[in-house]
$ cat upload-v5.txt   # compact mmCIF, N, CA and C atoms
# COMPACT_ATOMS: atom_id res chain seq x y z
N MET A 1 -32.84 100.37 96.96
CA MET A 1 -32.35 100.45 98.32
C MET A 1 -31.34 99.32 98.51
N GLU A 2 -30.18 99.65 99.03
CA GLU A 2 -29.16 98.65 99.28
C GLU A 2 -29.63 97.65 100.33
N THR A 3 -29.06 96.45 100.29
CA THR A 3 -29.46 95.39 101.20
C THR A 3 -29.30 95.79 102.66
N VAL A 4 -28.17 96.40 103.00
CA VAL A 4 -27.92 96.80 104.39
C VAL A 4 -28.90 97.89 104.80
N ASP A 5 -29.14 98.86 103.92
CA ASP A 5 -30.09 99.92 104.22
C ASP A 5 -31.49 99.36 104.44
N ARG A 6 -31.88 98.41 103.58
CA ARG A 6 -33.21 97.81 103.72
C ARG A 6 -33.31 97.03 105.03
N PHE A 7 -32.25 96.31 105.38
CA PHE A 7 -32.22 95.56 106.63
C PHE A 7 -32.40 96.50 107.82
N CYS A 8 -31.67 97.61 107.81
CA CYS A 8 -31.79 98.60 108.89
C CYS A 8 -33.18 99.22 108.92
N SER A 9 -33.68 99.55 107.75
CA SER A 9 -35.01 100.16 107.67
C SER A 9 -36.08 99.20 108.16
N ASP A 10 -36.00 97.93 107.76
CA ASP A 10 -36.98 96.94 108.22
C ASP A 10 -36.89 96.78 109.74
N GLY A 11 -35.68 96.81 110.27
CA GLY A 11 -35.50 96.74 111.72
C GLY A 11 -36.13 97.93 112.42
N ASN A 12 -35.94 99.12 111.84
CA ASN A 12 -36.56 100.32 112.41
C ASN A 12 -38.08 100.22 112.41
N ILE A 13 -38.63 99.72 111.32
CA ILE A 13 -40.08 99.59 111.22
C ILE A 13 -40.60 98.65 112.31
N SER A 14 -39.94 97.53 112.47
CA SER A 14 -40.36 96.58 113.51
C SER A 14 -40.23 97.20 114.90
N CYS A 15 -39.14 97.90 115.12
CA CYS A 15 -38.90 98.52 116.42
C CYS A 15 -39.96 99.59 116.73
N PHE A 16 -40.24 100.47 115.77
CA PHE A 16 -41.22 101.52 115.98
C PHE A 16 -42.62 100.93 116.21
N ALA A 17 -42.98 99.90 115.43
CA ALA A 17 -44.29 99.27 115.60
C ALA A 17 -44.39 98.61 116.98
N ASP A 18 -43.34 97.93 117.40
CA ASP A 18 -43.35 97.31 118.73
C ASP A 18 -43.47 98.36 119.83
N GLN A 19 -42.75 99.45 119.70
CA GLN A 19 -42.83 100.51 120.71
C GLN A 19 -44.22 101.12 120.75
N LEU A 20 -44.85 101.26 119.59
CA LEU A 20 -46.21 101.81 119.54
C LEU A 20 -47.20 100.93 120.28
N ARG A 21 -46.95 99.62 120.28
CA ARG A 21 -47.88 98.71 120.95
C ARG A 21 -47.98 98.99 122.44
N TRP A 22 -46.90 99.47 123.03
CA TRP A 22 -46.85 99.60 124.49
C TRP A 22 -46.78 101.03 125.00
N GLU A 23 -46.55 101.98 124.11
CA GLU A 23 -46.43 103.38 124.53
C GLU A 23 -47.80 103.93 124.90
N THR A 24 -47.88 104.57 126.05
CA THR A 24 -49.15 105.14 126.49
C THR A 24 -49.18 106.66 126.42
N ASP A 25 -48.01 107.30 126.35
CA ASP A 25 -47.95 108.75 126.28
C ASP A 25 -48.36 109.21 124.88
N PRO A 26 -49.40 110.03 124.78
CA PRO A 26 -49.91 110.45 123.46
C PRO A 26 -48.85 111.16 122.60
N HIS A 27 -48.03 111.99 123.20
CA HIS A 27 -47.01 112.70 122.44
C HIS A 27 -45.99 111.71 121.86
N ARG A 28 -45.54 110.79 122.67
CA ARG A 28 -44.57 109.79 122.19
C ARG A 28 -45.19 108.90 121.12
N ARG A 29 -46.46 108.59 121.27
CA ARG A 29 -47.14 107.78 120.25
C ARG A 29 -47.13 108.49 118.91
N GLU A 30 -47.41 109.80 118.92
CA GLU A 30 -47.40 110.57 117.67
C GLU A 30 -46.01 110.60 117.05
N VAL A 31 -44.99 110.77 117.89
CA VAL A 31 -43.62 110.76 117.39
C VAL A 31 -43.30 109.41 116.75
N LEU A 32 -43.67 108.33 117.42
CA LEU A 32 -43.41 106.99 116.89
C LEU A 32 -44.18 106.75 115.59
N LYS A 33 -45.41 107.24 115.50
CA LYS A 33 -46.18 107.10 114.26
C LYS A 33 -45.51 107.86 113.12
N ARG A 34 -45.01 109.06 113.41
CA ARG A 34 -44.31 109.82 112.36
C ARG A 34 -43.03 109.10 111.93
N LEU A 35 -42.27 108.59 112.90
CA LEU A 35 -41.04 107.87 112.57
C LEU A 35 -41.35 106.62 111.75
N LEU A 36 -42.39 105.89 112.13
CA LEU A 36 -42.78 104.70 111.40
C LEU A 36 -43.19 105.05 109.97
N THR A 37 -44.01 106.08 109.84
CA THR A 37 -44.46 106.51 108.51
C THR A 37 -43.28 106.93 107.64
N ARG A 38 -42.37 107.70 108.20
CA ARG A 38 -41.20 108.14 107.45
C ARG A 38 -40.35 106.95 106.99
N GLU A 39 -40.19 105.98 107.87
CA GLU A 39 -39.36 104.81 107.53
C GLU A 39 -40.02 103.97 106.45
N VAL A 40 -41.32 103.76 106.55
CA VAL A 40 -42.01 102.96 105.54
C VAL A 40 -41.99 103.65 104.19
N ASN A 41 -42.04 104.96 104.19
CA ASN A 41 -42.10 105.72 102.95
C ASN A 41 -40.74 106.03 102.34
N ARG A 42 -39.68 105.46 102.91
CA ARG A 42 -38.36 105.66 102.31
C ARG A 42 -38.38 105.10 100.90
N PRO A 43 -37.69 105.77 99.98
CA PRO A 43 -37.71 105.31 98.59
C PRO A 43 -36.95 103.99 98.40
N GLY A 44 -37.37 103.26 97.39
CA GLY A 44 -36.67 102.04 97.01
C GLY A 44 -37.26 100.79 97.62
N ALA A 45 -36.91 99.67 97.03
CA ALA A 45 -37.29 98.34 97.51
C ALA A 45 -38.79 98.22 97.75
N THR A 46 -39.58 98.74 96.83
CA THR A 46 -41.02 98.76 97.00
C THR A 46 -41.60 97.34 97.13
N GLU A 47 -41.15 96.42 96.29
CA GLU A 47 -41.69 95.06 96.35
C GLU A 47 -41.35 94.38 97.67
N GLU A 48 -40.10 94.55 98.12
CA GLU A 48 -39.71 93.97 99.41
C GLU A 48 -40.47 94.63 100.56
N ARG A 49 -40.65 95.94 100.44
CA ARG A 49 -41.39 96.66 101.48
C ARG A 49 -42.83 96.19 101.53
N LEU A 50 -43.43 95.97 100.37
CA LEU A 50 -44.80 95.49 100.32
C LEU A 50 -44.91 94.11 100.96
N GLN A 51 -43.96 93.24 100.70
CA GLN A 51 -43.96 91.91 101.31
C GLN A 51 -43.85 92.01 102.83
N MET A 52 -43.00 92.90 103.31
CA MET A 52 -42.84 93.08 104.75
C MET A 52 -44.13 93.62 105.36
N ILE A 53 -44.78 94.55 104.68
CA ILE A 53 -46.03 95.11 105.17
C ILE A 53 -47.11 94.03 105.21
N GLU A 54 -47.15 93.18 104.19
CA GLU A 54 -48.12 92.08 104.18
C GLU A 54 -47.88 91.16 105.37
N ARG A 55 -46.62 90.87 105.69
CA ARG A 55 -46.31 90.03 106.86
C ARG A 55 -46.78 90.71 108.14
N LYS A 56 -46.52 92.02 108.25
CA LYS A 56 -46.95 92.76 109.44
C LYS A 56 -48.47 92.75 109.57
N LEU A 57 -49.17 92.83 108.45
CA LEU A 57 -50.64 92.79 108.50
C LEU A 57 -51.14 91.41 108.95
N GLU A 58 -50.51 90.35 108.47
CA GLU A 58 -50.89 89.01 108.91
C GLU A 58 -50.63 88.83 110.41
N GLU A 59 -49.44 89.24 110.84
CA GLU A 59 -49.11 89.14 112.26
C GLU A 59 -50.07 89.98 113.11
N GLY A 60 -50.37 91.17 112.62
CA GLY A 60 -51.28 92.06 113.34
C GLY A 60 -52.68 91.49 113.45
N ALA A 61 -53.16 90.88 112.37
CA ALA A 61 -54.50 90.28 112.39
C ALA A 61 -54.56 89.15 113.41
N GLU A 62 -53.51 88.36 113.47
CA GLU A 62 -53.46 87.27 114.46
C GLU A 62 -53.42 87.83 115.88
N LEU A 63 -52.63 88.87 116.08
CA LEU A 63 -52.52 89.49 117.39
C LEU A 63 -53.84 90.09 117.84
N ILE A 64 -54.52 90.75 116.93
CA ILE A 64 -55.82 91.35 117.23
C ILE A 64 -56.84 90.27 117.59
N ALA A 65 -56.87 89.20 116.83
CA ALA A 65 -57.81 88.10 117.12
C ALA A 65 -57.52 87.49 118.50
N ARG A 66 -56.25 87.28 118.79
CA ARG A 66 -55.87 86.72 120.09
C ARG A 66 -56.27 87.66 121.23
N GLN A 67 -56.07 88.97 121.01
CA GLN A 67 -56.41 89.94 122.05
C GLN A 67 -57.91 90.00 122.26
N ARG A 68 -58.67 89.89 121.20
CA ARG A 68 -60.14 89.89 121.34
C ARG A 68 -60.60 88.66 122.12
N ARG A 69 -59.96 87.51 121.85
CA ARG A 69 -60.31 86.31 122.63
C ARG A 69 -59.97 86.50 124.10
N LEU A 70 -58.84 87.12 124.37
CA LEU A 70 -58.44 87.38 125.76
C LEU A 70 -59.46 88.28 126.45
N ILE A 71 -59.88 89.32 125.77
CA ILE A 71 -60.87 90.24 126.34
C ILE A 71 -62.18 89.51 126.62
N ALA A 72 -62.61 88.67 125.70
CA ALA A 72 -63.84 87.90 125.91
C ALA A 72 -63.70 86.97 127.11
N GLN A 73 -62.54 86.37 127.24
CA GLN A 73 -62.29 85.48 128.37
C GLN A 73 -62.31 86.26 129.69
N LEU A 74 -61.66 87.42 129.69
CA LEU A 74 -61.66 88.25 130.90
C LEU A 74 -63.08 88.68 131.27
N GLN A 75 -63.85 89.07 130.26
CA GLN A 75 -65.23 89.50 130.51
C GLN A 75 -66.07 88.36 131.07
N SER A 76 -65.86 87.16 130.53
CA SER A 76 -66.66 86.03 131.01
C SER A 76 -66.33 85.67 132.45
N CYS A 77 -65.13 86.00 132.89
CA CYS A 77 -64.73 85.75 134.28
C CYS A 77 -65.05 86.93 135.19
N GLY A 78 -65.53 88.02 134.60
CA GLY A 78 -65.85 89.21 135.37
C GLY A 78 -64.63 90.03 135.74
N ASP A 79 -63.51 89.80 135.04
CA ASP A 79 -62.28 90.54 135.32
C ASP A 79 -62.26 91.87 134.58
N ASP A 80 -61.40 92.76 135.04
CA ASP A 80 -61.22 94.07 134.42
C ASP A 80 -60.56 93.88 133.05
N THR A 81 -61.09 94.55 132.04
CA THR A 81 -60.56 94.42 130.68
C THR A 81 -59.89 95.70 130.19
N GLY A 82 -59.78 96.70 131.06
CA GLY A 82 -59.26 98.00 130.64
C GLY A 82 -57.90 97.94 129.98
N THR A 83 -56.96 97.28 130.61
CA THR A 83 -55.60 97.19 130.05
C THR A 83 -55.61 96.41 128.75
N ALA A 84 -56.35 95.32 128.71
CA ALA A 84 -56.42 94.51 127.49
C ALA A 84 -57.08 95.28 126.35
N GLU A 85 -58.08 96.09 126.66
CA GLU A 85 -58.75 96.88 125.63
C GLU A 85 -57.85 98.00 125.11
N ARG A 86 -57.06 98.60 126.00
CA ARG A 86 -56.11 99.62 125.54
C ARG A 86 -55.06 99.01 124.63
N ALA A 87 -54.62 97.81 124.96
CA ALA A 87 -53.66 97.11 124.10
C ALA A 87 -54.30 96.81 122.74
N LEU A 88 -55.55 96.36 122.75
CA LEU A 88 -56.26 96.08 121.50
C LEU A 88 -56.36 97.35 120.65
N ASP A 89 -56.68 98.47 121.28
CA ASP A 89 -56.75 99.74 120.54
C ASP A 89 -55.42 100.04 119.86
N ALA A 90 -54.32 99.82 120.57
CA ALA A 90 -53.00 100.06 120.00
C ALA A 90 -52.73 99.12 118.83
N TYR A 91 -53.07 97.83 118.99
CA TYR A 91 -52.85 96.85 117.92
C TYR A 91 -53.65 97.23 116.67
N GLU A 92 -54.89 97.67 116.89
CA GLU A 92 -55.73 98.04 115.75
C GLU A 92 -55.23 99.31 115.08
N MET A 93 -54.72 100.25 115.85
CA MET A 93 -54.16 101.48 115.27
C MET A 93 -52.95 101.16 114.40
N ILE A 94 -52.08 100.29 114.88
CA ILE A 94 -50.90 99.90 114.11
C ILE A 94 -51.32 99.16 112.85
N HIS A 95 -52.31 98.29 112.98
CA HIS A 95 -52.80 97.54 111.82
C HIS A 95 -53.35 98.50 110.75
N GLU A 96 -54.09 99.51 111.20
CA GLU A 96 -54.63 100.50 110.26
C GLU A 96 -53.51 101.26 109.56
N LEU A 97 -52.44 101.58 110.30
CA LEU A 97 -51.30 102.26 109.68
C LEU A 97 -50.70 101.40 108.57
N PHE A 98 -50.50 100.12 108.85
CA PHE A 98 -49.93 99.24 107.83
C PHE A 98 -50.88 99.06 106.65
N GLU A 99 -52.19 99.07 106.89
CA GLU A 99 -53.14 99.01 105.78
C GLU A 99 -53.01 100.25 104.90
N LYS A 100 -52.82 101.42 105.53
CA LYS A 100 -52.63 102.65 104.76
C LYS A 100 -51.33 102.60 103.98
N PHE A 101 -50.27 102.08 104.60
CA PHE A 101 -48.99 101.96 103.89
C PHE A 101 -49.14 101.07 102.66
N ARG A 102 -49.86 99.96 102.84
CA ARG A 102 -50.08 99.05 101.71
C ARG A 102 -50.86 99.75 100.59
N ALA A 103 -51.86 100.51 100.96
CA ALA A 103 -52.67 101.23 99.96
C ALA A 103 -51.82 102.23 99.20
N VAL A 104 -50.92 102.92 99.89
CA VAL A 104 -50.05 103.89 99.24
C VAL A 104 -49.16 103.20 98.21
N ILE A 105 -48.60 102.05 98.58
CA ILE A 105 -47.73 101.32 97.65
C ILE A 105 -48.54 100.83 96.45
N HIS A 106 -49.73 100.31 96.68
CA HIS A 106 -50.58 99.85 95.57
C HIS A 106 -50.95 101.01 94.66
N ASP A 107 -51.27 102.17 95.24
CA ASP A 107 -51.60 103.34 94.42
C ASP A 107 -50.41 103.76 93.58
N ALA A 108 -49.23 103.76 94.17
CA ALA A 108 -48.02 104.13 93.43
C ALA A 108 -47.78 103.16 92.28
N ARG A 109 -48.02 101.89 92.51
CA ARG A 109 -47.86 100.89 91.44
C ARG A 109 -48.81 101.19 90.29
N GLU A 110 -50.06 101.50 90.62
CA GLU A 110 -51.05 101.76 89.59
C GLU A 110 -50.69 102.98 88.75
N ARG A 111 -50.13 103.99 89.39
CA ARG A 111 -49.74 105.21 88.68
C ARG A 111 -48.56 104.97 87.74
N THR A 112 -47.71 104.01 88.06
CA THR A 112 -46.51 103.78 87.24
C THR A 112 -46.69 102.71 86.20
N ARG A 113 -47.87 102.06 86.17
CA ARG A 113 -48.09 101.03 85.16
C ARG A 113 -48.31 101.69 83.79
N PRO A 114 -47.78 101.01 82.76
CA PRO A 114 -47.94 101.58 81.40
C PRO A 114 -49.36 101.47 80.89
$ encode --input "upload-v5.txt" --output "structure tokens"
Amino acid sequence: METVDRFCSDGNISCFADQLRWETDPHRREVLKRLLTREVNRPGATEERLQMIERKLEEGAELIARQRRLIAQLQSCGDDTGTAERALDAYEMIHELFEKFRAVIHDARERTRP
């Protein structure tokens, strides 16, 4: 994958993942998931793509932990946690997608090893 193509593709992946975090319409979420999956599965630059996915997983894990702390804090104050829990669900869904992407890349590597 050419450098410019990879740069654009990485930007698309970040954009789709960010939009998924906040989209509430189920149909739009499915469209964004398909777009994200298609972009991650573009051929080429597998090692760079894997590194980017690993970064997204680290960022996602931190975001999920922070959101869980926020929910616990809201609960301890007796505040409504509905919006925070919906956000957490979205973060976890995105994290699971990136875990699946990583598994696909690892499986492909195993199949191509001599």
$ residues_around --input "upload-v5.txt" --residues "Arg102 (chain A)" --least-positions-apart "5" --cutoff "10 Å" --atoms "only C-alpha atoms" --output "list of chain:residue names"
A:Val40, A:Arg49, A:Leu50, A:Gln51, A:Met52, A:Ile53, A:Glu54, A:Leu57, A:Glu96, A:Leu97, A:Asp107, A:Ala108
$ atom_distance --input "upload-v5.txt" --atom1 "CA of Ile94 (chain A)" --atom2 "CA of Thr112 (chain A)"
27.5 Å
$ closest_residue --input "upload-v5.txt" --among "A:Asp80, A:Glu39, A:Glu85, A:Thr24" --to "Asn12 (chain A)" --atoms "only N, CA and C atoms"
A:Glu39
$ residues_around --input "upload-v5.txt" --residues "Asn41 (chain A)" --least-positions-apart "6" --cutoff "9 Å" --atoms "only C-alpha atoms" --output "CSV table (one decimal) with N, CA and C atoms, in the coordinates of the input"
chain,number,residue,atom,x,y,z
A,101,PHE,N,-50.3,102.1,104.6
A,101,PHE,CA,-49.0,102.0,103.9
A,101,PHE,C,-49.1,101.1,102.7
A,104,VAL,N,-50.9,102.9,99.9
A,104,VAL,CA,-50.0,103.9,99.2
A,104,VAL,C,-49.2,103.2,98.2
A,105,ILE,N,-48.6,102.0,98.6
A,105,ILE,CA,-47.7,101.3,97.6
A,105,ILE,C,-48.5,100.8,96.4
$ atom_distance --input "upload-v5.txt" --atom1 "CA of Gln73 (chain A)" --atom2 "CA of Leu88 (chain A)"
14.0 Å
$ residues_around --input "upload-v5.txt" --residues "Leu35 (chain A)" --least-positions-apart "6" --cutoff "12 Å" --atoms "only C-alpha atoms" --output "JSON list (two decimals) with N, CA and C atoms, keeping the file's coordinate frame"
[["chain", "number", "residue", "atom", "x", "y", "z"],
["A", 9, "SER", "N", -33.68, 99.55, 107.75],
["A", 9, "SER", "CA", -35.01, 100.16, 107.67],
["A", 9, "SER", "C", -36.08, 99.20, 108.16],
["A", 12, "ASN", "N", -35.94, 99.12, 111.84],
["A", 12, "ASN", "CA", -36.56, 100.32, 112.41],
["A", 12, "ASN", "C", -38.08, 100.22, 112.41],
["A", 13, "ILE", "N", -38.63, 99.72, 111.32],
["A", 13, "ILE", "CA", -40.08, 99.59, 111.22],
["A", 13, "ILE", "C", -40.60, 98.65, 112.31],
["A", 14, "SER", "N", -39.94, 97.53, 112.47],
["A", 14, "SER", "CA", -40.36, 96.58, 113.51],
["A", 14, "SER", "C", -40.23, 97.20, 114.90],
["A", 15, "CYS", "N", -39.14, 97.90, 115.12],
["A", 15, "CYS", "CA", -38.90, 98.52, 116.42],
["A", 15, "CYS", "C", -39.96, 99.59, 116.73],
["A", 16, "PHE", "N", -40.24, 100.47, 115.77],
["A", 16, "PHE", "CA", -41.22, 101.52, 115.98],
["A", 16, "PHE", "C", -42.62, 100.93, 116.21],
["A", 17, "ALA", "N", -42.98, 99.90, 115.43],
["A", 17, "ALA", "CA", -44.29, 99.27, 115.60],
["A", 17, "ALA", "C", -44.39, 98.61, 116.98],
["A", 19, "GLN", "N", -42.75, 99.45, 119.70],
["A", 19, "GLN", "CA", -42.83, 100.51, 120.71],
["A", 19, "GLN", "C", -44.22, 101.12, 120.75],
["A", 20, "LEU", "N", -44.85, 101.26, 119.59],
["A", 20, "LEU", "CA", -46.21, 101.81, 119.54],
["A", 20, "LEU", "C", -47.20, 100.93, 120.28],
["A", 28, "ARG", "N", -45.54, 110.79, 122.67],
["A", 28, "ARG", "CA", -44.57, 109.79, 122.19],
["A", 28, "ARG", "C", -45.19, 108.90, 121.12],
["A", 29, "ARG", "N", -46.46, 108.59, 121.27],
["A", 29, "ARG", "CA", -47.14, 107.78, 120.25],
["A", 29, "ARG", "C", -47.13, 108.49, 118.91],
["A", 41, "ASN", "N", -42.04, 104.96, 104.19],
["A", 41, "ASN", "CA", -42.10, 105.72, 102.95],
["A", 41, "ASN", "C", -40.74, 106.03, 102.34],
["A", 42, "ARG", "N", -39.68, 105.46, 102.91],
["A", 42, "ARG", "CA", -38.36, 105.66, 102.31],
["A", 42, "ARG", "C", -38.38, 105.10, 100.90]]
$ residues_near_point --input "upload-v5.txt" --point "(-59.7, 92.4, 128.5)" --cutoff "8 Å" --atoms "only C-alpha atoms" --output "number ranges by chain"
A: 67-68, 70-75, 79-85
$ write_last_selection --input "upload-v5.txt" --atoms "N, CA and C atoms" --output "PDB file, keeping the file's coordinate frame"
ATOM      1  N   GLN A  67     -56.070  88.970 121.010  1.00  0.00           N
ATOM      2  CA  GLN A  67     -56.410  89.940 122.050  1.00  0.00           C
ATOM      3  C   GLN A  67     -57.910  90.000 122.260  1.00  0.00           C
ATOM      4  N   ARG A  68     -58.670  89.890 121.200  1.00  0.00           N
ATOM      5  CA  ARG A  68     -60.140  89.890 121.340  1.00  0.00           C
ATOM      6  C   ARG A  68     -60.600  88.660 122.120  1.00  0.00           C
ATOM      7  N   LEU A  70     -58.840  87.120 124.370  1.00  0.00           N
ATOM      8  CA  LEU A  70     -58.440  87.380 125.760  1.00  0.00           C
ATOM      9  C   LEU A  70     -59.460  88.280 126.450  1.00  0.00           C
ATOM     10  N   ILE A  71     -59.880  89.320 125.770  1.00  0.00           N
ATOM     11  CA  ILE A  71     -60.870  90.240 126.340  1.00  0.00           C
ATOM     12  C   ILE A  71     -62.180  89.510 126.620  1.00  0.00           C
ATOM     13  N   ALA A  72     -62.610  88.670 125.700  1.00  0.00           N
ATOM     14  CA  ALA A  72     -63.840  87.900 125.910  1.00  0.00           C
ATOM     15  C   ALA A  72     -63.700  86.970 127.110  1.00  0.00           C
ATOM     16  N   GLN A  73     -62.540  86.370 127.240  1.00  0.00           N
ATOM     17  CA  GLN A  73     -62.290  85.480 128.370  1.00  0.00           C
ATOM     18  C   GLN A  73     -62.310  86.260 129.690  1.00  0.00           C
ATOM     19  N   LEU A  74     -61.660  87.420 129.690  1.00  0.00           N
ATOM     20  CA  LEU A  74     -61.660  88.250 130.900  1.00  0.00           C
ATOM     21  C   LEU A  74     -63.080  88.680 131.270  1.00  0.00           C
ATOM     22  N   GLN A  75     -63.850  89.070 130.260  1.00  0.00           N
ATOM     23  CA  GLN A  75     -65.230  89.500 130.510  1.00  0.00           C
ATOM     24  C   GLN A  75     -66.070  88.360 131.070  1.00  0.00           C
ATOM     25  N   ASP A  79     -63.510  89.800 135.040  1.00  0.00           N
ATOM     26  CA  ASP A  79     -62.280  90.540 135.320  1.00  0.00           C
ATOM     27  C   ASP A  79     -62.260  91.870 134.580  1.00  0.00           C
ATOM     28  N   ASP A  80     -61.400  92.760 135.040  1.00  0.00           N
ATOM     29  CA  ASP A  80     -61.220  94.070 134.420  1.00  0.00           C
ATOM     30  C   ASP A  80     -60.560  93.880 133.050  1.00  0.00           C
ATOM     31  N   THR A  81     -61.090  94.550 132.040  1.00  0.00           N
ATOM     32  CA  THR A  81     -60.560  94.420 130.680  1.00  0.00           C
ATOM     33  C   THR A  81     -59.890  95.700 130.190  1.00  0.00           C
ATOM     34  N   GLY A  82     -59.780  96.700 131.060  1.00  0.00           N
ATOM     35  CA  GLY A  82     -59.260  98.000 130.640  1.00  0.00           C
ATOM     36  C   GLY A  82     -57.900  97.940 129.980  1.00  0.00           C
ATOM     37  N   THR A  83     -56.960  97.280 130.610  1.00  0.00           N
ATOM     38  CA  THR A  83     -55.600  97.190 130.050  1.00  0.00           C
ATOM     39  C   THR A  83     -55.610  96.410 128.750  1.00  0.00           C
ATOM     40  N   ALA A  84     -56.350  95.320 128.710  1.00  0.00           N
ATOM     41  CA  ALA A  84     -56.420  94.510 127.490  1.00  0.00           C
ATOM     42  C   ALA A  84     -57.080  95.280 126.350  1.00  0.00           C
ATOM     43  N   GLU A  85     -58.080  96.090 126.660  1.00  0.00           N
ATOM     44  CA  GLU A  85     -58.750  96.880 125.630  1.00  0.00           C
ATOM     45  C   GLU A  85     -57.850  98.000 125.110  1.00  0.00           C
TER      46      GLU A  85
END
$ atom_distance --input "upload-v5.txt" --atom1 "CA of Ser76 (chain A)" --atom2 "CA of Ile64 (chain A)"
18.3 Å
$ axis_aligned_box --input "upload-v5.txt" --around "region 95-111 of chain A" --padding-each-side "6 Å" --output "JSON"
{"center_x": -51.2, "center_y": 101.4, "center_z": 100.4, "size_x": 18.9, "size_y": 19.7, "size_z": 37.2}
$ decode --input "upload-v5.txt" --residues "region 50-77 of chain A" --atoms "C-alpha atoms" --output "JSON list (two decimals), in the first residue's frame"
[["chain", "number", "residue", "atom", "x", "y", "z"],
["A", 50, "LEU", "CA", -1.38, -4.27, 12.79],
["A", 51, "GLN", "CA", 0.59, -1.57, 14.63],
["A", 52, "MET", "CA", -2.27, 0.89, 14.14],
["A", 53, "ILE", "CA", -4.79, -1.67, 15.40],
["A", 54, "GLU", "CA", -2.63, -2.33, 18.47],
["A", 55, "ARG", "CA", -2.60, 1.43, 19.18],
["A", 56, "LYS", "CA", -6.38, 1.58, 18.78],
["A", 57, "LEU", "CA", -6.74, -1.33, 21.21],
["A", 58, "GLU", "CA", -4.54, 0.39, 23.79],
["A", 59, "GLU", "CA", -6.46, 3.65, 23.42],
["A", 60, "GLY", "CA", -9.75, 1.78, 23.59],
["A", 61, "ALA", "CA", -8.76, -0.08, 26.75],
["A", 62, "GLU", "CA", -7.88, 3.20, 28.43],
["A", 63, "LEU", "CA", -11.14, 4.78, 27.28],
["A", 64, "ILE", "CA", -13.17, 1.84, 28.55],
["A", 65, "ALA", "CA", -11.44, 1.92, 31.94],
["A", 66, "ARG", "CA", -12.02, 5.67, 32.24],
["A", 67, "GLN", "CA", -15.69, 5.26, 31.29],
["A", 68, "ARG", "CA", -16.16, 2.50, 33.86],
["A", 69, "ARG", "CA", -14.68, 4.77, 36.53],
["A", 70, "LEU", "CA", -17.05, 7.54, 35.46],
["A", 71, "ILE", "CA", -20.04, 5.20, 35.70],
["A", 72, "ALA", "CA", -18.96, 4.07, 39.18],
["A", 73, "GLN", "CA", -18.60, 7.69, 40.24],
["A", 74, "LEU", "CA", -22.04, 8.57, 38.87],
["A", 75, "GLN", "CA", -23.57, 5.57, 40.63],
["A", 76, "SER", "CA", -21.96, 6.50, 43.93],
["A", 77, "CYS", "CA", -23.50, 9.97, 43.66]]
